[in-house]
Amino acid sequence: MLISHIAREGTLHVTLNQHLDITNRAAAALQIEALVYAHQPARVTLELPSGETTPATLSAVARARRMCQSIGVPLTLTGSGAPLADRSAGQAAERRLEYGARQDH
């Protein structure tokens, strides 16, 4: 199972159960999108797994952030894998992707 979730008091809490790779990032992003449209929350919290965040995980986070932004739902990253948690969700992820996340390897 790639993700788990709980909807409570207007917030959809989504947990990535593992870091993503190229084979499962699209599935995880689609699952998050389906949950947001099904629950129509006021806000979304996305908890990342611990450890080094993979480029595929960052890609799914960026996609979720863009989708949430397009429908006016704030997205917050949590967890020890959340890059620069004090910034808005996805900004750090998109910055890494913009400059070539794969160059880190």
# chains A, B, ... in the order shown; residues from 1 in each chain; ligands from 1
$ residues_around --residues "A:Ala27" --least-positions-apart "6" --cutoff "12 Å" --atoms "only C-alpha atoms" --output "PyMOL selection string"
chain A and resi 1-3+16+20-21+33-34+56-57+59-60+63-64
$ write_last_selection --atoms "N, CA and C atoms" --output "PDB file, in the first residue's frame"
ATOM      1  N   MET A   1       0.846  -1.160   0.000  1.00  0.00           N
ATOM      2  CA  MET A   1       0.000   0.000   0.000  1.00  0.00           C
ATOM      3  C   MET A   1       0.907   1.243   0.000  1.00  0.00           C
ATOM      4  N   LEU A   2       0.727   2.099  -0.978  1.00  0.00           N
ATOM      5  CA  LEU A   2       1.567   3.289  -1.122  1.00  0.00           C
ATOM      6  C   LEU A   2       1.222   4.380  -0.122  1.00  0.00           C
ATOM      7  N   ILE A   3      -0.078   4.585   0.080  1.00  0.00           N
ATOM      8  CA  ILE A   3      -0.504   5.664   0.969  1.00  0.00           C
ATOM      9  C   ILE A   3      -1.583   5.162   1.915  1.00  0.00           C
ATOM     10  N   LEU A  16       2.429   9.002   3.080  1.00  0.00           N
ATOM     11  CA  LEU A  16       3.163   8.168   2.133  1.00  0.00           C
ATOM     12  C   LEU A  16       3.859   7.106   2.968  1.00  0.00           C
ATOM     13  N   LEU A  20       8.775   6.936  -2.960  1.00  0.00           N
ATOM     14  CA  LEU A  20       8.308   6.487  -4.266  1.00  0.00           C
ATOM     15  C   LEU A  20       9.467   6.320  -5.233  1.00  0.00           C
ATOM     16  N   ASP A  21       9.215   5.522  -6.249  1.00  0.00           N
ATOM     17  CA  ASP A  21      10.157   5.406  -7.354  1.00  0.00           C
ATOM     18  C   ASP A  21       9.384   5.618  -8.651  1.00  0.00           C
ATOM     19  N   GLU A  33      -4.925  12.554  -5.428  1.00  0.00           N
ATOM     20  CA  GLU A  33      -5.905  13.381  -6.137  1.00  0.00           C
ATOM     21  C   GLU A  33      -7.319  12.844  -5.942  1.00  0.00           C
ATOM     22  N   ALA A  34      -7.497  11.542  -6.046  1.00  0.00           N
ATOM     23  CA  ALA A  34      -8.821  10.946  -5.871  1.00  0.00           C
ATOM     24  C   ALA A  34      -9.344  11.179  -4.454  1.00  0.00           C
ATOM     25  N   ALA A  56      11.308  10.857  -7.250  1.00  0.00           N
ATOM     26  CA  ALA A  56       9.935  10.454  -7.581  1.00  0.00           C
ATOM     27  C   ALA A  56       8.956  10.903  -6.502  1.00  0.00           C
ATOM     28  N   THR A  57       9.379  10.852  -5.235  1.00  0.00           N
ATOM     29  CA  THR A  57       8.529  11.346  -4.150  1.00  0.00           C
ATOM     30  C   THR A  57       8.316  12.846  -4.306  1.00  0.00           C
ATOM     31  N   SER A  59       8.408  14.532  -7.027  1.00  0.00           N
ATOM     32  CA  SER A  59       7.545  14.726  -8.181  1.00  0.00           C
ATOM     33  C   SER A  59       6.082  14.556  -7.809  1.00  0.00           C
ATOM     34  N   ALA A  60       5.766  13.520  -7.027  1.00  0.00           N
ATOM     35  CA  ALA A  60       4.392  13.295  -6.594  1.00  0.00           C
ATOM     36  C   ALA A  60       3.916  14.419  -5.676  1.00  0.00           C
ATOM     37  N   ARG A  63       3.164  17.453  -7.801  1.00  0.00           N
ATOM     38  CA  ARG A  63       1.904  17.252  -8.526  1.00  0.00           C
ATOM     39  C   ARG A  63       0.712  17.449  -7.595  1.00  0.00           C
ATOM     40  N   ALA A  64       0.799  16.907  -6.379  1.00  0.00           N
ATOM     41  CA  ALA A  64      -0.283  17.075  -5.405  1.00  0.00           C
ATOM     42  C   ALA A  64      -0.445  18.541  -5.024  1.00  0.00           C
TER      43      ALA A  64
END
$ closest_residue --among "A:Thr45, A:Thr76, A:Thr54, A:Ser70" --to "A:Arg8" --atoms "only C-alpha atoms"
A:Thr45
$ closest_residue --among "A:Thr23, A:Thr11, A:Ser80, A:Thr53" --to "A:Leu35" --atoms "only C-alpha atoms"
A:Thr11
$ atom_distance --atom1 "atom CA of A:Val36" --atom2 "atom CA of A:Ser50"
23.4 Å
$ atom_distance --atom1 "atom CA of A:Arg43" --atom2 "atom CA of A:Leu58"
19.4 Å
$ residues_around --residues "A:Ala38" --least-positions-apart "6" --cutoff "12 Å" --atoms "only C-alpha atoms" --output "PyMOL selection string"
chain A and resi 7+12+31-32
$ write_last_selection --atoms "C-alpha atoms" --output "short mmCIF file (atom, residue, chain, number, x, y, z; two decimals), in the first residue's frame"
data_model
loop_
_atom_site.label_atom_id
_atom_site.label_comp_id
_atom_site.auth_asym_id
_atom_site.auth_seq_id
_atom_site.Cartn_x
_atom_site.Cartn_y
_atom_site.Cartn_z
CA ALA A 7 -10.21 12.57 7.04
CA LEU A 12 -7.37 15.14 4.93
CA GLN A 31 -4.55 8.21 -5.25
CA ILE A 32 -3.94 11.52 -3.48
#
$ select_by_dssp --residues "stretch 45-81 of chain A" --states "strand (DSSP E)" --output "PDB file with N, CA, C and O atoms, in the first residue's frame"
ATOM      1  N   THR A  45      -2.887  17.528   4.636  1.00  0.00           N
ATOM      2  CA  THR A  45      -1.582  17.338   5.247  1.00  0.00           C
ATOM      3  C   THR A  45      -0.983  16.080   4.647  1.00  0.00           C
ATOM      4  O   THR A  45      -1.619  15.024   4.653  1.00  0.00           O
ATOM      5  N   LEU A  46       0.220  16.199   4.110  1.00  0.00           N
ATOM      6  CA  LEU A  46       0.895  15.074   3.478  1.00  0.00           C
ATOM      7  C   LEU A  46       2.138  14.743   4.286  1.00  0.00           C
ATOM      8  O   LEU A  46       3.057  15.562   4.387  1.00  0.00           O
ATOM      9  N   GLU A  47       2.146  13.572   4.886  1.00  0.00           N
ATOM     10  CA  GLU A  47       3.277  13.142   5.706  1.00  0.00           C
ATOM     11  C   GLU A  47       4.211  12.277   4.874  1.00  0.00           C
ATOM     12  O   GLU A  47       3.804  11.269   4.296  1.00  0.00           O
ATOM     13  N   LEU A  75      -1.981  22.804   1.112  1.00  0.00           N
ATOM     14  CA  LEU A  75      -1.292  21.538   1.341  1.00  0.00           C
ATOM     15  C   LEU A  75      -0.081  21.801   2.223  1.00  0.00           C
ATOM     16  O   LEU A  75       0.704  22.713   1.951  1.00  0.00           O
ATOM     17  N   THR A  76       0.062  21.006   3.278  1.00  0.00           N
ATOM     18  CA  THR A  76       1.184  21.131   4.193  1.00  0.00           C
ATOM     19  C   THR A  76       1.932  19.813   4.240  1.00  0.00           C
ATOM     20  O   THR A  76       1.310  18.749   4.322  1.00  0.00           O
ATOM     21  N   LEU A  77       3.259  19.875   4.191  1.00  0.00           N
ATOM     22  CA  LEU A  77       4.097  18.684   4.329  1.00  0.00           C
ATOM     23  C   LEU A  77       4.481  18.501   5.783  1.00  0.00           C
ATOM     24  O   LEU A  77       4.779  19.469   6.476  1.00  0.00           O
ATOM     25  N   THR A  78       4.497  17.255   6.222  1.00  0.00           N
ATOM     26  CA  THR A  78       4.959  16.923   7.567  1.00  0.00           C
ATOM     27  C   THR A  78       5.858  15.707   7.484  1.00  0.00           C
ATOM     28  O   THR A  78       5.983  15.086   6.434  1.00  0.00           O
TER      29      THR A  78
END
$ closest_residue --among "A:Met67, A:Leu48, A:Ile6, A:Val61" --to "A:His19" --atoms "only C-alpha atoms"
A:Leu48
$ select_by_dssp --residues "stretch 2-72 of chain A" --states "helix (DSSP H, G or I)" --output "MDAnalysis selection string"
chainID A and resid 25:39 55:70
$ atom_distance --atom1 "atom CA of A:Ala26" --atom2 "atom CA of A:Gly10"
25.5 Å
$ residues_around --residues "A:His5" --least-positions-apart "5" --cutoff "7 Å" --atoms "only C-alpha atoms" --output "CSV table (one decimal) with C-alpha atoms, in the first residue's frame"
chain,number,residue,atom,x,y,z
A,13,HIS,CA,-4.2,13.5,6.4
A,14,VAL,CA,-2.4,11.5,3.8
A,15,THR,CA,0.7,9.4,4.7
